[in-house]
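J.: Attaching a single structure in structure tokens format; questions to follow.
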Amino acid sequence: MTEHTVAVMGLGVRGKIHVNGIAENKGRYKIVGLCDNHKENMDLMKEKYSLDDVPCFADVEEMLKTTRPEVFVFATYPDLRLSMIELAIRYGVRAISLEKPMAESLQEAKTMKDLCAKNGIKAVVCHQQKYLSQMQALKKRIEDGEIGEITKIHVETQAWFSQLGTHYVDYMLWANGGYKAKWVCGHVHGPICLDDTHPAPDYLLGTCEMENGVHGYVECGYLSEAHNPPEYGSSDNRLTVYGTDGYVYAETDGFWGACTKATNGRLIKGKDPGWRNHQQVPIQTDYYRDFADWLDDDSKVHSCNIDTAYHGYEILEGMCLSALRNVRIDLPITDLDYEPVVEQMHRELPPCNSKKMFVYLGKTPHVERD
Ligand SMILES: NC(=O)c1ccc[n+]([C@@H]2O[C@H](COP(=O)([O-])OP(=O)(O)OC[C@H]3O[C@@H](n4cnc5c(N)ncnc54)[C@H](O)[C@@H]3O)[C@@H](O)[C@H]2O)c1
């Protein structure tokens with residue numbers, strides 16, 4: 001087994017979890033550089049993971065130039081993506097792990113994907129929640145034939161799509177065996193979340209048909225059904241896969257259900273640890289184990305690879321375009337010569353002023369309307 005050198009940039013909430021996942025894969029990675037705007041974040045990682053000799057940087061280019069890592073991990077906000085990939089190429093990086101959403105526009109996402117392909121870079125986008133036990137169990141029930149043939153898949157996230165939807169479209173494709181979507185239709189409304197650090201309309205409702213005939217229904221935003229008590233708040237979400245002989249669902253907060261041949265048509269339910277329980281559920285460790293496996297063996301392509309992430313992004317962007325143009329959008333989207341959809345939505349989406357949306361965001365509504 002090769003020990004892959006890694007430099008990590010962005011040691012905030014997610015970056016610390018990335019470092020943990022890397023450190024847990026003993027003998028497979030060697031951390032050679034840390035970078036963050038906040039020195040205390042780097043000091044914390046050095047102390048926690050005994051990285052005394054690892055140099056720290058406030059400037060990411062300086063880190064890549066000095067350490068020349070094989071793997072570059074960056075866990076920053078969505079406005080820092082393409083420029084990081086360009087830097088990685090400049091300094092000979094061979095593999096990249098980045099956070100979701102992979103970009104702020106399909107144009108940017110495509111440039112990133114194409115640059116990685118052209119430069120032989122293996123890249124993964126962190127849609128790691130598919131490693132949760134309830135997600136793995138859902139997949140196993142499907143593969144064991146418990147629900148018969150898949151007929152349709154329903155994605156529900158209370159958070160807007162650039163927060164959780166990109167995760168969930170990835171899981172829809174994964175649950176369906178990797179078939180791509182052929183076309184999408186969509187509705188979008190509400191401009192408030194377009195100004196968020198993760199821009200997206202307040203609500204998106206879309207449908208698609210995948211190559212195996214399975215239909216996907218995607219709902220992201222405040223009007224999606226809440227399944228759990230209010231304390232789960234905006235992370236309330238559910239992936240439901242329906243088949244000819246039953247259905248299964250899983251949520252990233254741990255809840256799951258199955259009504260299948262194996263349960264004699266009875267709905268059984270449970271709760272596993274959710275994605276927040278990082279101590280109990282080492283999903284970042286599994287994600288980095290599979291990344292090292294892919295780095296060691298070209299045939300072991302990671303399930304979070306950038307091509308699949310790009311297709312997921314394309315599905316969501318296609319749903320927005322469909323809403324803006326009032327047409328069905330056929331995939332792949334080949335003509336990207338249009339104004340970025342976030343800018344189009346900024347201009348075109350009327351105020352929504354939904355009371356529910358304001359309450360959801362913890363703000364005071366201007367207008368009393370549900
Ligand atoms: N995969 C998941 O389950 C999951 C969950 C939550 C958030 N995320 C995503 O992770 C990403 C990061 O979120 P976060 O909550 O960790 O953010 P954060 O603000 O906690 O961390 C970002 C860190 O990057 C550093 N940084 C930013 N720009 C820098 C620069 N130019 N040079 C050096 N350091 C810089 C900041 O100092 C900060 O420490 C977001 O895109 C978010 O959507 C993913």
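Each chain in the structure tokens gets a letter, A, B and so on, in the order shown; residues start at 1 in every chain, and ligands are counted from 1 in the order they appear.
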Report as an NGL selection string which protein, DNA and RNA residues come within 7 Å of ligand 1, using only C-alpha atoms and all ligand atoms.
T.: :A and (9-15 or 35-38 or 41 or 58-60 or 75-78 or 99-101 or 126-129 or 163 or 198)
J.: Would you list, as a VMD selection string, the residues of range 173-314 of chain A that end up in strand (DSSP E or B) under DSSP run on this structure's backbone?
T.: chain A and resid 181 to 189 203 to 210 215 to 221 237 to 243 246 to 250 255 to 259 268 to 271 305
J.: Only C-alpha atoms, please: the residues just picked out, written as a CSV table (one decimal), in the first residue's frame.
T.:
chain,number,residue,atom,x,y,z
A,181,ALA,CA,-31.2,11.1,-16.0
A,182,LYS,CA,-32.5,11.6,-19.6
A,183,TRP,CA,-34.6,14.7,-19.0
A,184,VAL,CA,-35.8,17.0,-16.2
A,185,CYS,CA,-38.7,19.4,-15.5
A,186,GLY,CA,-38.9,21.8,-12.7
A,187,HIS,CA,-40.5,24.6,-10.7
A,188,VAL,CA,-38.6,27.1,-8.5
A,189,HIS,CA,-39.7,30.0,-6.3
A,203,TYR,CA,-38.0,25.9,-3.0
A,204,LEU,CA,-37.4,23.6,-5.9
A,205,LEU,CA,-39.7,20.8,-7.1
A,206,GLY,CA,-38.5,18.7,-10.0
A,207,THR,CA,-38.9,15.5,-11.8
A,208,CYS,CA,-36.7,13.4,-14.0
A,209,GLU,CA,-36.6,10.1,-15.8
A,210,MET,CA,-33.5,7.9,-15.6
A,215,HIS,CA,-38.7,8.5,-12.3
A,216,GLY,CA,-37.1,10.7,-9.7
A,217,TYR,CA,-39.1,13.4,-7.8
A,218,VAL,CA,-36.9,16.0,-6.0
A,219,GLU,CA,-38.2,18.5,-3.5
A,220,CYS,CA,-35.8,20.8,-1.8
A,221,GLY,CA,-36.8,23.7,0.5
A,237,ASN,CA,-34.8,15.0,4.9
A,238,ARG,CA,-35.7,11.6,3.4
A,239,LEU,CA,-34.8,9.4,0.5
A,240,THR,CA,-37.6,7.0,-0.4
A,241,VAL,CA,-37.2,4.3,-3.0
A,242,TYR,CA,-40.4,2.6,-4.3
A,243,GLY,CA,-40.5,-0.7,-6.0
A,246,GLY,CA,-42.6,-2.4,-1.4
A,247,TYR,CA,-40.6,0.7,-0.4
A,248,VAL,CA,-37.7,1.7,1.8
A,249,TYR,CA,-36.6,5.1,3.1
A,250,ALA,CA,-33.6,6.5,4.9
A,255,PHE,CA,-34.4,7.4,10.8
A,256,TRP,CA,-35.2,4.6,8.4
A,257,GLY,CA,-38.2,2.5,7.3
A,258,ALA,CA,-38.9,-0.6,5.2
A,259,CYS,CA,-42.2,-2.1,4.0
A,268,ILE,CA,-40.8,-1.5,10.1
A,269,LYS,CA,-39.0,1.6,11.4
A,270,GLY,CA,-35.8,2.4,13.3
A,271,LYS,CA,-33.2,5.0,14.1
A,305,ASN,CA,-16.4,10.8,-8.1
J.: Which residues, written as a CSV table (one decimal) with N, CA and C atoms, in the first residue's frame, have at least one atom at most 10 Å from Asn20 in chain A, with only C-alpha atoms counted and residues fewer than 2 positions away on the same chain left out?
T.:
chain,number,residue,atom,x,y,z
A,14,ARG,N,-16.1,21.4,8.8
A,14,ARG,CA,-15.9,20.2,7.9
A,14,ARG,C,-14.4,19.8,7.8
A,15,GLY,N,-13.6,20.8,7.7
A,15,GLY,CA,-12.1,20.5,7.5
A,15,GLY,C,-11.6,19.6,8.6
A,16,LYS,N,-12.1,19.9,9.9
A,16,LYS,CA,-11.6,19.1,11.0
A,16,LYS,C,-12.0,17.6,10.9
A,17,ILE,N,-13.2,17.4,10.3
A,17,ILE,CA,-13.8,16.1,10.1
A,17,ILE,C,-13.0,15.4,9.0
A,18,HIS,N,-12.6,16.1,8.0
A,18,HIS,CA,-11.8,15.6,6.9
A,18,HIS,C,-10.5,15.1,7.5
A,22,ILE,N,-8.9,11.3,7.4
A,22,ILE,CA,-7.6,11.0,6.8
A,22,ILE,C,-6.7,10.3,7.9
A,23,ALA,N,-6.7,10.9,9.1
A,23,ALA,CA,-5.9,10.3,10.2
A,23,ALA,C,-6.3,8.9,10.6
A,24,GLU,N,-7.6,8.6,10.5
A,24,GLU,CA,-8.1,7.3,10.9
A,24,GLU,C,-7.6,6.2,9.9
A,25,ASN,N,-7.3,6.6,8.7
A,25,ASN,CA,-6.8,5.6,7.7
A,25,ASN,C,-5.3,5.5,7.8
A,45,MET,N,-5.5,21.0,15.2
A,45,MET,CA,-5.3,19.7,14.5
A,45,MET,C,-3.9,19.2,14.8
A,48,LYS,N,-4.1,17.5,18.2
A,48,LYS,CA,-5.0,16.4,18.3
A,48,LYS,C,-4.5,15.2,17.6
A,49,TYR,N,-3.8,15.4,16.4
A,49,TYR,CA,-3.3,14.3,15.6
A,49,TYR,C,-1.8,14.1,15.6
A,278,HIS,N,-20.4,12.0,14.7
A,278,HIS,CA,-19.2,11.5,14.0
A,278,HIS,C,-18.3,10.5,14.7
A,282,PRO,N,-18.2,6.5,11.6
A,282,PRO,CA,-17.0,7.0,10.9
A,282,PRO,C,-17.1,7.1,9.4
A,284,GLN,N,-16.6,9.6,7.4
A,284,GLN,CA,-15.5,10.3,6.7
A,284,GLN,C,-14.3,9.3,6.6
A,285,THR,N,-14.2,8.4,7.5
A,285,THR,CA,-13.1,7.4,7.4
A,285,THR,C,-13.3,6.5,6.2
A,288,TYR,N,-12.6,8.3,3.0
A,288,TYR,CA,-11.1,8.4,2.7
A,288,TYR,C,-10.5,7.0,2.4
J.: Just asking: which residues within range 36-226 of chain A are helix (DSSP H, G or I) according to DSSP, as a PyMOL selection string?
T.: chain A and resi 39-48+60-67+82-90+106-118+128-131+133-143+161-175+192-195
J.: Pick from A:Thr252, A:Ile31, A:Met345, A:Asp236: nearest to Leu138 in chain A, with only C-alpha atoms counted?
T.: A:Thr252
J.: Using only C-alpha atoms, which protein or nucleic acid residues come within 9 Å of range 102-106 of chain A? Drop anything in the same chain fewer than 3 positions from it, and give the result as a list of chain:residue names.
T.: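 Here the answer would be A:Pro78, A:Asp79, A:Leu80, A:Arg81, A:Leu82, A:Leu98, A:Glu99, A:Ala109, A:Lys110, A:Thr111, A:Met112, A:Val125, A:Cys126, A:Ser162, A:Thr166, A:His198, A:Pro199, A:Ile306, A:Ala309, A:Tyr310, A:Tyr313, A:Glu314, A:Glu317, A:Leu336, A:Pro340, A:Val341, A:Val342.
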J.: What does the distance from CA of Pro351 in chain A to CA of Asp335 in chain A come to in Å, to one decimal?
T.: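 Value for the CA of Pro351 in chain A-CA of Asp335 in chain A distance: 29.5 Å.
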J.: Write out as a ChimeraX atom specification the residues lying within 9 Å of Leu132 in chain A, counting only C-alpha atoms and excluding same-chain residues fewer than 4 positions away.
T.: /A:128,136-137,252,254,272-275,281-283
J.: Pick out the closest residue to Thr197 in chain A from this set: A:Trp160, A:Tyr232, A:Tyr91, A:Phe72. Count only C-alpha atoms.
T.: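 Nearest to Thr197 in chain A: A:Trp160.
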J.: I want to know what sits within 12 Å of Pro350 in chain A, based on only C-alpha atoms, with residues of the same chain fewer than 4 positions away left out; could you give that as a list of chain:residue names?
T.: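 Close residues of Pro350 in chain A: A:Val188, A:His189, A:Gly190, A:Pro191, A:Ile192, A:Leu194, A:Pro201, A:Asp202, A:Gln344, A:Met345, A:His346, A:Ser354.
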J.: Please dump the current selection as an mmCIF file, in the first residue's frame; keep C-alpha atoms.
T.:
data_model
loop_
_atom_site.group_PDB
_atom_site.id
_atom_site.type_symbol
_atom_site.label_atom_id
_atom_site.label_comp_id
_atom_site.auth_asym_id
_atom_site.auth_seq_id
_atom_site.Cartn_x
_atom_site.Cartn_y
_atom_site.Cartn_z
ATOM 1 C CA VAL A 188 -38.586 27.080 -8.502
ATOM 2 C CA HIS A 189 -39.681 29.983 -6.318
ATOM 3 C CA GLY A 190 -38.487 32.263 -3.557
ATOM 4 C CA PRO A 191 -35.379 34.491 -3.824
ATOM 5 C CA ILE A 192 -34.303 34.685 -0.159
ATOM 6 C CA LEU A 194 -30.252 33.137 -3.463
ATOM 7 C CA PRO A 201 -34.115 29.213 -4.700
ATOM 8 C CA ASP A 202 -36.109 28.854 -1.478
ATOM 9 C CA GLN A 344 -31.301 34.652 -13.807
ATOM 10 C CA MET A 345 -33.255 33.671 -10.691
ATOM 11 C CA HIS A 346 -32.060 36.799 -8.869
ATOM 12 C CA SER A 354 -43.972 33.228 2.953
#
J.: Neighbours of range 289-297 of chain A within 8 Å (only C-alpha atoms; same-chain residues fewer than 4 positions away dropped), as a list in words?
T.: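 Here the answer would be Met1, Thr2, His4, Asn25, Arg28, Tyr29, Ala95, Lys122, Val124, Thr285, Val301 and His302 of chain A.
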J.: May I have the residues from that selection written out with C-alpha atoms, as a PDB file, in the first residue's frame?
T.:
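Resulting contents of out.pdb:
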ATOM      1  CA  MET A   1       0.000   0.000   0.000  1.00  0.00           C
ATOM      2  CA  THR A   2       1.240   3.471  -0.866  1.00  0.00           C
ATOM      3  CA  HIS A   4      -0.317   9.279  -0.132  1.00  0.00           C
ATOM      4  CA  ASN A  25      -6.810   5.647   7.664  1.00  0.00           C
ATOM      5  CA  ARG A  28      -2.595   5.226   3.766  1.00  0.00           C
ATOM      6  CA  TYR A  29      -2.066   8.982   4.015  1.00  0.00           C
ATOM      7  CA  ALA A  95      -6.007  13.866  -6.531  1.00  0.00           C
ATOM      8  CA  LYS A 122      -8.949  11.825  -9.540  1.00  0.00           C
ATOM      9  CA  VAL A 124     -14.206  13.369  -5.221  1.00  0.00           C
ATOM     10  CA  THR A 285     -13.084   7.417   7.434  1.00  0.00           C
ATOM     11  CA  VAL A 301     -13.676   4.305  -8.836  1.00  0.00           C
ATOM     12  CA  HIS A 302     -15.019   6.214  -5.812  1.00  0.00           C
TER      13      HIS A 302
END
J.: Using CA of Tyr287 in chain A and CA of Val19 in chain A as the two end points, give the distance in Å to one decimal.
T.: 11.9 Å
